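What follows is the content of run-v7.cif, which has mmCIF, C-alpha atoms and all ligand atoms:
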```
data_work
#
loop_
_atom_site.label_atom_id
_atom_site.label_comp_id
_atom_site.auth_asym_id
_atom_site.auth_seq_id
_atom_site.Cartn_x
_atom_site.Cartn_y
_atom_site.Cartn_z
CA MET A 551 0.00 0.00 0.00
CA VAL A 552 1.49 3.29 -1.14
CA ASN A 553 0.51 6.06 1.26
CA LYS A 554 0.38 8.63 -1.54
CA GLU A 555 -2.42 6.70 -3.26
CA ARG A 556 -4.41 6.82 -0.05
CA GLU A 557 -3.85 10.58 0.31
CA GLU A 558 -5.59 11.26 -2.99
CA ILE A 559 -8.88 9.84 -1.73
CA SER A 560 -10.73 11.32 1.24
CA CYS A 561 -13.90 10.68 3.15
CA PRO A 562 -16.78 12.77 1.75
CA VAL A 563 -19.25 14.74 3.87
CA GLY A 564 -22.13 12.49 4.96
CA LEU A 565 -22.30 8.79 5.72
CA THR A 566 -19.99 6.36 3.92
CA LEU A 567 -20.64 2.64 4.30
CA VAL A 568 -17.21 1.03 4.08
CA ALA A 569 -16.91 -2.70 3.38
CA THR A 570 -14.10 -4.41 5.31
CA PRO A 571 -12.74 -7.99 5.17
CA ILE A 572 -14.76 -11.02 6.29
CA GLY A 573 -11.60 -12.62 7.68
CA ASN A 574 -8.51 -12.04 5.59
CA LEU A 575 -7.28 -8.49 6.26
CA ALA A 576 -5.51 -8.41 2.89
CA ASP A 577 -8.95 -8.14 1.27
CA VAL A 578 -9.41 -4.51 2.37
CA SER A 579 -9.41 -2.02 -0.52
CA HIS A 580 -7.13 1.02 -0.94
CA ARG A 581 -10.20 3.22 -1.04
CA ALA A 582 -11.60 1.72 2.17
CA LEU A 583 -8.34 2.50 4.01
CA ALA A 584 -8.22 6.05 2.64
CA ILE A 585 -11.80 6.73 3.73
CA LEU A 586 -11.17 5.32 7.22
CA GLN A 587 -8.01 7.39 7.51
CA THR A 588 -9.74 10.67 6.67
CA ALA A 589 -13.15 10.24 8.32
CA ASP A 590 -14.01 12.51 11.30
CA ILE A 591 -15.51 9.46 13.00
CA VAL A 592 -15.45 5.74 12.24
CA LEU A 593 -18.60 4.07 13.52
CA CYS A 594 -18.14 0.38 14.23
CA GLU A 595 -19.88 -2.50 16.00
CA ASP A 596 -16.96 -3.39 18.25
CA THR A 597 -14.11 -0.89 18.69
CA ARG A 598 -11.63 -3.63 19.71
CA HIS A 599 -12.40 -5.61 16.56
CA THR A 600 -12.09 -2.62 14.19
CA GLN A 601 -8.92 -1.49 15.98
CA ILE A 602 -7.20 -4.69 14.76
CA LEU A 603 -7.80 -3.67 11.14
CA LEU A 604 -6.81 -0.03 11.69
CA LYS A 605 -3.66 -0.97 13.58
CA ARG A 606 -2.59 -3.40 10.85
CA PHE A 607 -2.62 -0.52 8.32
CA GLY A 608 -1.32 2.21 10.64
CA ILE A 609 -4.56 4.19 10.75
CA HIS A 610 -5.41 6.40 13.72
CA ALA A 611 -9.15 7.08 13.69
CA LYS A 612 -11.72 8.30 16.17
CA LEU A 613 -13.82 5.21 16.80
CA LEU A 614 -17.38 5.26 18.09
CA SER A 615 -19.38 2.12 18.78
CA TYR A 616 -22.67 1.58 16.97
CA GLY A 617 -24.25 -1.77 17.69
CA VAL A 618 -27.48 -3.51 18.67
CA HIS A 619 -26.83 -2.71 22.34
CA ASN A 620 -26.66 1.12 21.92
CA LEU A 621 -28.43 1.73 18.60
CA LYS A 622 -31.33 3.68 20.13
CA ALA A 623 -29.12 6.15 21.97
CA ARG A 624 -26.51 6.51 19.20
CA LEU A 625 -28.89 7.05 16.27
CA PRO A 626 -29.96 10.65 17.17
CA GLN A 627 -26.36 11.58 18.12
CA VAL A 628 -24.99 10.34 14.80
CA LEU A 629 -27.81 11.91 12.76
CA LYS A 630 -27.11 15.25 14.45
CA LYS A 631 -23.42 15.06 13.51
CA LEU A 632 -24.36 14.15 9.95
CA GLN A 633 -26.69 17.17 9.74
CA GLU A 634 -23.71 19.30 10.86
CA GLU A 635 -21.84 17.98 7.80
CA ALA A 636 -19.53 15.54 9.55
CA ARG A 637 -17.63 12.96 7.51
CA ILE A 638 -18.67 9.66 9.03
CA ALA A 639 -17.52 6.20 7.93
CA LEU A 640 -19.51 3.16 9.01
CA VAL A 641 -18.00 -0.32 9.17
CA SER A 642 -19.36 -3.59 10.53
CA ASP A 643 -17.45 -6.39 12.26
CA ALA A 644 -17.19 -8.15 8.92
CA GLY A 645 -18.04 -7.44 5.30
CA THR A 646 -20.49 -4.91 3.96
CA PRO A 647 -22.26 -2.76 6.55
CA GLY A 648 -26.03 -2.85 6.18
CA ILE A 649 -26.12 -6.58 5.38
CA SER A 650 -27.59 -8.37 8.43
CA ASP A 651 -26.17 -5.80 10.85
CA PRO A 652 -27.27 -2.55 12.56
CA GLY A 653 -25.87 -0.38 9.74
CA ALA A 654 -29.06 -0.83 7.71
CA GLU A 655 -31.14 1.25 10.14
CA LEU A 656 -28.64 4.14 10.19
CA CYS A 657 -28.43 4.15 6.40
CA ARG A 658 -32.23 4.21 6.09
CA ARG A 659 -32.53 7.11 8.57
CA ALA A 660 -29.72 9.09 6.92
CA ILE A 661 -31.44 8.79 3.53
CA ALA A 662 -34.75 9.88 5.08
CA GLU A 663 -32.99 12.98 6.51
CA ASP A 664 -31.47 13.85 3.10
CA VAL A 665 -27.93 13.20 4.32
CA PRO A 666 -25.55 12.21 1.48
CA VAL A 667 -24.86 8.46 1.66
CA HIS A 668 -21.96 6.75 -0.14
CA ALA A 669 -20.65 3.19 -0.17
CA VAL A 670 -17.22 1.67 -0.68
CA PRO A 671 -17.68 -1.85 -2.10
CA GLY A 672 -15.92 -4.93 -0.80
CA PRO A 673 -16.51 -8.41 0.61
CA ALA A 674 -19.88 -9.81 1.69
CA ALA A 675 -19.97 -13.36 3.02
CA PHE A 676 -23.05 -14.44 1.08
CA VAL A 677 -21.58 -13.48 -2.32
CA GLN A 678 -18.42 -15.49 -1.63
CA ALA A 679 -20.48 -18.47 -0.51
CA LEU A 680 -22.75 -18.29 -3.54
CA VAL A 681 -19.94 -18.28 -6.09
CA LEU A 682 -18.16 -21.13 -4.31
CA SER A 683 -21.30 -23.24 -3.84
CA GLY A 684 -21.52 -24.76 -7.32
CA LEU A 685 -25.27 -24.02 -7.24
CA PRO A 686 -27.05 -21.74 -9.74
CA THR A 687 -25.93 -18.10 -9.34
CA SER A 688 -28.12 -16.45 -11.99
CA ARG A 689 -31.09 -16.12 -9.64
CA PHE A 690 -30.76 -16.21 -5.86
CA VAL A 691 -32.45 -14.95 -2.71
CA PHE A 692 -30.61 -13.78 0.41
CA GLU A 693 -32.60 -14.49 3.58
CA GLY A 694 -30.06 -13.43 6.23
CA PHE A 695 -30.56 -15.19 9.60
CA LEU A 696 -33.75 -17.24 9.99
CA PRO A 697 -35.91 -15.99 12.89
CA HIS A 698 -34.90 -17.86 16.04
CA LYS A 699 -38.39 -18.52 17.36
CA LYS A 700 -41.42 -16.53 16.22
CA GLY A 701 -41.93 -16.77 12.47
CA ARG A 702 -39.30 -19.47 11.95
CA GLN A 703 -41.71 -22.18 10.75
CA THR A 704 -43.56 -19.76 8.48
CA ARG A 705 -40.27 -18.67 6.91
CA LEU A 706 -39.15 -22.26 6.39
CA LYS A 707 -42.51 -23.15 4.80
CA SER A 708 -42.27 -20.16 2.46
CA LEU A 709 -38.77 -21.23 1.38
CA ALA A 710 -40.00 -24.69 0.36
CA ASP A 711 -41.50 -23.31 -2.89
CA GLU A 712 -38.68 -20.86 -3.65
CA PRO A 713 -37.23 -21.68 -7.11
CA ARG A 714 -34.09 -19.50 -6.71
CA THR A 715 -30.91 -20.51 -4.87
CA ILE A 716 -31.38 -19.63 -1.18
CA LEU A 717 -28.69 -18.09 1.06
CA LEU A 718 -28.79 -18.05 4.85
CA TYR A 719 -26.43 -16.82 7.57
CA GLU A 720 -26.05 -19.10 10.59
CA SER A 721 -24.16 -19.26 13.86
CA PRO A 722 -22.21 -22.40 14.86
CA HIS A 723 -24.56 -23.38 17.70
CA ARG A 724 -27.67 -23.27 15.48
CA LEU A 725 -26.15 -24.91 12.39
CA MET A 726 -27.34 -28.48 13.08
CA LYS A 727 -30.86 -27.45 14.02
CA THR A 728 -31.17 -25.33 10.88
CA LEU A 729 -29.81 -28.07 8.59
CA GLU A 730 -32.23 -30.59 10.10
CA GLN A 731 -35.17 -28.23 9.68
CA LEU A 732 -34.17 -27.47 6.10
CA TYR A 733 -34.29 -31.21 5.42
CA GLU A 734 -37.69 -31.45 7.11
CA TYR A 735 -39.26 -28.53 5.21
CA LEU A 736 -37.39 -28.52 1.88
CA GLY A 737 -36.44 -32.19 1.42
CA ASN A 738 -33.09 -33.67 0.46
CA ARG A 739 -31.85 -30.76 -1.65
CA SER A 740 -28.35 -30.02 -2.91
CA ILE A 741 -26.61 -27.71 -0.49
CA ALA A 742 -23.26 -26.06 0.22
CA VAL A 743 -22.17 -24.95 3.67
CA ALA A 744 -19.39 -22.36 3.59
CA ARG A 745 -17.36 -22.06 6.79
CA GLU A 746 -14.73 -19.48 7.78
CA LEU A 747 -14.53 -17.91 4.35
CA THR A 748 -11.19 -16.26 3.48
CA LYS A 749 -9.73 -17.50 6.82
CA LEU A 750 -7.19 -20.17 7.63
CA HIS A 751 -9.84 -22.88 8.12
CA GLU A 752 -11.98 -22.01 5.10
CA GLU A 753 -14.08 -24.97 4.04
CA ILE A 754 -16.99 -25.62 1.68
CA VAL A 755 -19.02 -28.77 2.39
CA ARG A 756 -21.13 -29.64 -0.67
CA GLY A 757 -23.62 -32.44 -1.27
CA LYS A 758 -27.17 -33.52 -0.47
CA LEU A 759 -28.58 -32.27 2.82
CA THR A 760 -28.39 -35.73 4.40
CA ASP A 761 -24.66 -36.03 3.53
CA VAL A 762 -23.87 -32.56 4.84
CA ILE A 763 -25.81 -33.21 8.07
CA GLU A 764 -23.84 -36.42 8.51
CA THR A 765 -20.53 -34.60 7.96
CA PHE A 766 -21.22 -32.00 10.64
CA ALA A 767 -22.90 -34.47 13.03
CA SER A 768 -19.70 -36.53 13.05
CA ARG A 769 -17.63 -33.58 14.33
CA GLU A 770 -16.80 -33.16 17.95
CA LYS A 771 -17.29 -29.40 17.81
CA ILE A 772 -18.87 -27.03 15.32
CA LEU A 773 -16.87 -23.84 15.19
CA GLY A 774 -16.66 -20.78 12.97
CA GLU A 775 -18.95 -18.63 10.89
CA PHE A 776 -21.31 -20.13 8.34
CA VAL A 777 -23.23 -19.38 5.19
CA ILE A 778 -25.75 -21.98 4.00
CA VAL A 779 -26.52 -22.14 0.27
CA ILE A 780 -29.46 -24.34 -0.78
CA ALA A 781 -30.67 -25.23 -4.26
CA GLY A 782 -34.06 -23.76 -5.16
CA LYS A 783 -37.08 -25.96 -5.75
CA ASP A 784 -36.63 -28.10 -8.88
CA SER A 785 -33.17 -26.66 -9.50
CA LYS A 786 -31.79 -28.39 -12.61
CA GLU A 787 -28.13 -27.79 -11.86
CA LYS A 788 -26.25 -30.65 -10.18
CA SER A 789 -24.23 -29.74 -7.13
N1 LIG W 1 -22.13 -7.65 7.00
C1 LIG W 1 -21.65 -9.01 6.86
C2 LIG W 1 -21.48 -9.38 5.40
O1 LIG W 1 -21.31 -8.50 4.57
O2 LIG W 1 -21.45 -10.57 5.06
C3 LIG W 1 -22.43 -10.01 7.65
C4 LIG W 1 -22.71 -9.64 9.06
S1 LIG W 1 -23.64 -10.85 9.91
C5 LIG W 1 -23.87 -10.03 11.46
C6 LIG W 1 -22.45 -12.06 10.36
C7 LIG W 1 -22.71 -13.38 9.66
O3 LIG W 1 -22.14 -13.37 8.36
C8 LIG W 1 -22.07 -14.56 10.37
O4 LIG W 1 -22.88 -15.06 11.42
C9 LIG W 1 -21.95 -15.57 9.23
O5 LIG W 1 -23.19 -16.19 8.99
C10 LIG W 1 -21.61 -14.64 8.06
N2 LIG W 1 -20.16 -14.52 7.91
C11 LIG W 1 -19.40 -13.44 8.17
N3 LIG W 1 -18.09 -13.70 7.92
C12 LIG W 1 -18.04 -14.98 7.47
C13 LIG W 1 -16.99 -15.84 7.05
N4 LIG W 1 -15.72 -15.44 7.04
N5 LIG W 1 -17.30 -17.09 6.65
C14 LIG W 1 -18.59 -17.51 6.66
N6 LIG W 1 -19.61 -16.75 7.06
C15 LIG W 1 -19.35 -15.50 7.45
#
```
How does the structure come out when it is put into C-alpha cells?
Amino acid sequence: MVNKEREEISCPVGLTLVATPIGNLADVSHRALAILQTADIVLCEDTRHTQILLKRFGIHAKLLSYGVHNLKARLPQVLKKLQEEARIALVSDAGTPGISDPGAELCRRAIAEDVPVHAVPGPAAFVQALVLSGLPTSRFVFEGFLPHKKGRQTRLKSLADEPRTILLYESPHRLMKTLEQLYEYLGNRSIAVARELTKLHEEIVRGKLTDVIETFASREKILGEFVIVIAGKDSKEKS
C-alpha cells in the first residue's frame, strides 16, 4: 500500500458505508483504508475488533461504537453530527455494513434525513459463498438469519417453494438445528455450507442435505462462521 495513493482519496461529507474484510485483512481495498483514515468518526460494532484492522494498516481514527446494544441512543447523536456535515464512515465487524447488521437502520434514517450516503464496495460473506457453492448463481435470494423462534416455521414453509438458490447466515450453535429443519421442510436438496470464508480454516461442504448433516454431526465441535446455500425448488443444476 502506497501512502500517496491513499492521500488522494478522502472521506466525503455524509455517511460512507465502508466494506471491510470477512476474515482475511488483505482483502481490504485502498479506497476503504483512505476513507477510514480521513473520516471525522469511524462508527463500528466493536471498537476492539475494528482497531485490529486499523492498527494493521497504521490508521489512527476516532472510533465510536454503533451496535445492537446502543443503537437507540446513538442514532440521534450520529444523525445530528451528519446534519452538521460531519464525515462519518460506518464499518461492521465483517463485510459490507447494512447486510444483516445494525448499519441498515442508520443508512435508512440518513437517507430519510437527506444526508448524502456513499458506499465503498468490498466483501460480503453471502456473495463469496454463492460463487463457491456450485449451485445456480443467476437467480438467488438472500434471507439473512432465519428468525430464532417466532416466524421461523412460516419462513421455512415459504422457502420450500422458492425456485431460486437460497442463502442463509447461521451461527455455529444453530447450524445443526437449521440443517435438520431445512431437510424437514425442503427435502433432500443439494446444499453447500461455507465455513470461515477467506480465513485459515476455510471450508466448503457440498452435497445432499443428508450427507452434509452427517458430515457435521460426526464432528466433535462445530466452530466458525457459516453461510448456508441451498438449491431452489426443482433446481436443474447438479451440485
Ligand atoms: N455484514 C456481513 C457481510 O457482509 O457478510 C455479515 C454480518 S452478519 C452479522 C455475520 C454473519 O455473516 C455470520 O454469522 C456468518 O453467517 C456470516 N459470515 C461473516 N463472515 C463470514 C466468514 N468469514 N465465513 C462464513 N460466514 C461468514
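Nearest residue to ligand LIG 1 (chain W), choosing from A:Ala611, A:Ala636, A:Leu750, A:Ile559 and counting all atoms listed in the file: A:Leu750.
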Could you list, as a PyMOL selection string, all the residues within 6 Å of ligand LIG 1 (chain W), counting all atoms listed in the file?
-> chain A and resi 572-573+644-647+649-651+674-676+719-721+744-748+775-777
Selection above as a file: C-alpha atoms, as a compact mmCIF listing (two decimals), keeping the file's coordinate frame:
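And here's out.txt as it stands now:
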```
# COMPACT_ATOMS: atom_id res chain seq x y z
CA ILE A 572 -14.76 -11.02 6.29
CA GLY A 573 -11.60 -12.62 7.68
CA ALA A 644 -17.19 -8.15 8.92
CA GLY A 645 -18.04 -7.44 5.30
CA THR A 646 -20.49 -4.91 3.96
CA PRO A 647 -22.26 -2.76 6.55
CA ILE A 649 -26.12 -6.58 5.38
CA SER A 650 -27.59 -8.37 8.43
CA ASP A 651 -26.17 -5.80 10.85
CA ALA A 674 -19.88 -9.81 1.69
CA ALA A 675 -19.97 -13.36 3.02
CA PHE A 676 -23.05 -14.44 1.08
CA TYR A 719 -26.43 -16.82 7.57
CA GLU A 720 -26.05 -19.10 10.59
CA SER A 721 -24.16 -19.26 13.86
CA ALA A 744 -19.39 -22.36 3.59
CA ARG A 745 -17.36 -22.06 6.79
CA GLU A 746 -14.73 -19.48 7.78
CA LEU A 747 -14.53 -17.91 4.35
CA THR A 748 -11.19 -16.26 3.48
CA GLU A 775 -18.95 -18.63 10.89
CA PHE A 776 -21.31 -20.13 8.34
CA VAL A 777 -23.23 -19.38 5.19
```
Env of Leu685 (chain A): 12 Å cut, atoms = only C-alpha atoms, seq-sep filter 5 positions within chain, self excluded. Answer as a PDB file with C-alpha atoms, in the frame of the given file.
```pdb
ATOM      1  CA  ALA A 679     -20.480 -18.470  -0.510  1.00  0.00           C
ATOM      2  CA  LEU A 680     -22.750 -18.290  -3.540  1.00  0.00           C
ATOM      3  CA  PHE A 690     -30.760 -16.210  -5.860  1.00  0.00           C
ATOM      4  CA  ARG A 714     -34.090 -19.500  -6.710  1.00  0.00           C
ATOM      5  CA  THR A 715     -30.910 -20.510  -4.870  1.00  0.00           C
ATOM      6  CA  ILE A 716     -31.380 -19.630  -1.180  1.00  0.00           C
ATOM      7  CA  LEU A 717     -28.690 -18.090   1.060  1.00  0.00           C
ATOM      8  CA  ARG A 739     -31.850 -30.760  -1.650  1.00  0.00           C
ATOM      9  CA  SER A 740     -28.350 -30.020  -2.910  1.00  0.00           C
ATOM     10  CA  ILE A 741     -26.610 -27.710  -0.490  1.00  0.00           C
ATOM     11  CA  ALA A 742     -23.260 -26.060   0.220  1.00  0.00           C
ATOM     12  CA  VAL A 743     -22.170 -24.950   3.670  1.00  0.00           C
ATOM     13  CA  ARG A 756     -21.130 -29.640  -0.670  1.00  0.00           C
ATOM     14  CA  GLY A 757     -23.620 -32.440  -1.270  1.00  0.00           C
ATOM     15  CA  LYS A 758     -27.170 -33.520  -0.470  1.00  0.00           C
ATOM     16  CA  ILE A 778     -25.750 -21.980   4.000  1.00  0.00           C
ATOM     17  CA  VAL A 779     -26.520 -22.140   0.270  1.00  0.00           C
ATOM     18  CA  ILE A 780     -29.460 -24.340  -0.780  1.00  0.00           C
ATOM     19  CA  ALA A 781     -30.670 -25.230  -4.260  1.00  0.00           C
ATOM     20  CA  GLY A 782     -34.060 -23.760  -5.160  1.00  0.00           C
ATOM     21  CA  SER A 785     -33.170 -26.660  -9.500  1.00  0.00           C
ATOM     22  CA  LYS A 786     -31.790 -28.390 -12.610  1.00  0.00           C
ATOM     23  CA  GLU A 787     -28.130 -27.790 -11.860  1.00  0.00           C
ATOM     24  CA  LYS A 788     -26.250 -30.650 -10.180  1.00  0.00           C
ATOM     25  CA  SER A 789     -24.230 -29.740  -7.130  1.00  0.00           C
TER      26      SER A 789
END
```
Check your understanding: So which residues fall inside 10 Å of (-18.6, 6.6, 8.0) if we count all atoms listed in the file? Mind giving them as a PyMOL selection string?
Key -> chain A and resi 561-568+585-586+588-594+632+636-641+667-669
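When CA of Glu730 (chain A) is paired with CA of Lys771 (chain A), their separation reads 16.9 Å.
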Close residues, Tyr616 (chain A) itself excluded, 8 Å, all atoms listed in the file, min 3 positions apart in chain, as a PyMOL selection string:
chain A and resi 593-596+620-621+624+652
Could you write those residues out with C-alpha atoms, as a PDB file, in the frame of the given file?
```pdb
ATOM      1  CA  LEU A 593     -18.600   4.070  13.520  1.00  0.00           C
ATOM      2  CA  CYS A 594     -18.140   0.380  14.230  1.00  0.00           C
ATOM      3  CA  GLU A 595     -19.880  -2.500  16.000  1.00  0.00           C
ATOM      4  CA  ASP A 596     -16.960  -3.390  18.250  1.00  0.00           C
ATOM      5  CA  ASN A 620     -26.660   1.120  21.920  1.00  0.00           C
ATOM      6  CA  LEU A 621     -28.430   1.730  18.600  1.00  0.00           C
ATOM      7  CA  ARG A 624     -26.510   6.510  19.200  1.00  0.00           C
ATOM      8  CA  PRO A 652     -27.270  -2.550  12.560  1.00  0.00           C
TER       9      PRO A 652
END
```
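Rounded to one decimal, CA of Ile609 (chain A) and CA of Ala584 (chain A) lie 9.1 Å from each other.
Ranking A:Ser615, A:Gln678, A:Gln601, A:Ser560 by their shortest atom-to-atom distance to Leu583 (chain A), with only C-alpha atoms included, puts A:Ser560 first.
Going from CA of Leu696 (chain A) to CA of Gly653 (chain A) covers 18.6 Å.
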Quick one: region 602-624 of chain A with N, CA, C and O atoms, as a compact mmCIF listing (two decimals), in the coordinates of the input?
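Result written to out-v6.txt:
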```txt
# COMPACT_ATOMS: atom_id res chain seq x y z
N ILE A 602 -8.16 -3.72 15.32
CA ILE A 602 -7.20 -4.69 14.76
C ILE A 602 -6.91 -4.34 13.30
O ILE A 602 -5.76 -4.29 12.86
N LEU A 603 -7.96 -4.04 12.55
CA LEU A 603 -7.80 -3.67 11.14
C LEU A 603 -7.04 -2.36 11.01
O LEU A 603 -6.08 -2.25 10.23
N LEU A 604 -7.44 -1.35 11.80
CA LEU A 604 -6.81 -0.03 11.69
C LEU A 604 -5.32 -0.11 12.06
O LEU A 604 -4.48 0.48 11.39
N LYS A 605 -5.04 -0.85 13.11
CA LYS A 605 -3.66 -0.97 13.58
C LYS A 605 -2.78 -1.63 12.51
O LYS A 605 -1.66 -1.19 12.26
N ARG A 606 -3.33 -2.66 11.89
CA ARG A 606 -2.59 -3.40 10.85
C ARG A 606 -2.13 -2.47 9.72
O ARG A 606 -1.10 -2.65 9.11
N PHE A 607 -2.96 -1.42 9.42
CA PHE A 607 -2.62 -0.52 8.32
C PHE A 607 -2.18 0.86 8.80
O PHE A 607 -2.17 1.82 8.03
N GLY A 608 -1.86 0.96 10.09
CA GLY A 608 -1.32 2.21 10.64
C GLY A 608 -2.28 3.38 10.60
O GLY A 608 -1.88 4.52 10.36
N ILE A 609 -3.55 3.11 10.80
CA ILE A 609 -4.56 4.19 10.75
C ILE A 609 -4.98 4.58 12.16
O ILE A 609 -5.36 3.72 12.97
N HIS A 610 -4.93 5.89 12.44
CA HIS A 610 -5.41 6.40 13.72
C HIS A 610 -6.75 7.07 13.44
O HIS A 610 -6.80 8.07 12.73
N ALA A 611 -7.83 6.50 13.96
CA ALA A 611 -9.15 7.08 13.69
C ALA A 611 -9.90 7.23 15.00
O ALA A 611 -9.62 6.52 15.98
N LYS A 612 -10.86 8.15 14.99
CA LYS A 612 -11.72 8.30 16.17
C LYS A 612 -12.85 7.28 16.03
O LYS A 612 -13.71 7.39 15.15
N LEU A 613 -12.82 6.28 16.90
CA LEU A 613 -13.82 5.21 16.80
C LEU A 613 -14.99 5.47 17.74
O LEU A 613 -14.80 5.94 18.87
N LEU A 614 -16.18 5.15 17.27
CA LEU A 614 -17.38 5.26 18.09
C LEU A 614 -18.21 4.00 17.87
O LEU A 614 -18.41 3.60 16.72
N SER A 615 -18.65 3.38 18.96
CA SER A 615 -19.38 2.12 18.78
C SER A 615 -20.83 2.37 18.35
O SER A 615 -21.46 3.33 18.77
N TYR A 616 -21.29 1.51 17.46
CA TYR A 616 -22.67 1.58 16.97
C TYR A 616 -23.14 0.15 16.77
O TYR A 616 -22.81 -0.50 15.79
N GLY A 617 -23.85 -0.37 17.78
CA GLY A 617 -24.25 -1.77 17.69
C GLY A 617 -25.66 -1.97 18.22
O GLY A 617 -26.30 -1.01 18.66
N VAL A 618 -26.11 -3.22 18.22
CA VAL A 618 -27.48 -3.51 18.67
C VAL A 618 -27.72 -3.02 20.09
O VAL A 618 -28.82 -2.60 20.43
N HIS A 619 -26.66 -3.07 20.92
CA HIS A 619 -26.83 -2.71 22.34
C HIS A 619 -27.05 -1.20 22.56
O HIS A 619 -27.68 -0.82 23.53
N ASN A 620 -26.53 -0.33 21.67
CA ASN A 620 -26.66 1.12 21.92
C ASN A 620 -27.26 1.89 20.74
O ASN A 620 -27.17 3.12 20.69
N LEU A 621 -27.85 1.16 19.81
CA LEU A 621 -28.43 1.73 18.60
C LEU A 621 -29.39 2.89 18.87
O LEU A 621 -29.30 3.96 18.27
N LYS A 622 -30.28 2.68 19.85
CA LYS A 622 -31.33 3.68 20.13
C LYS A 622 -30.73 5.00 20.57
O LYS A 622 -31.18 6.07 20.14
N ALA A 623 -29.73 4.92 21.45
CA ALA A 623 -29.12 6.15 21.97
C ALA A 623 -28.21 6.80 20.93
O ALA A 623 -28.15 8.02 20.82
N ARG A 624 -27.49 5.99 20.15
CA ARG A 624 -26.51 6.51 19.20
C ARG A 624 -27.16 7.17 17.98
O ARG A 624 -26.64 8.17 17.46
```
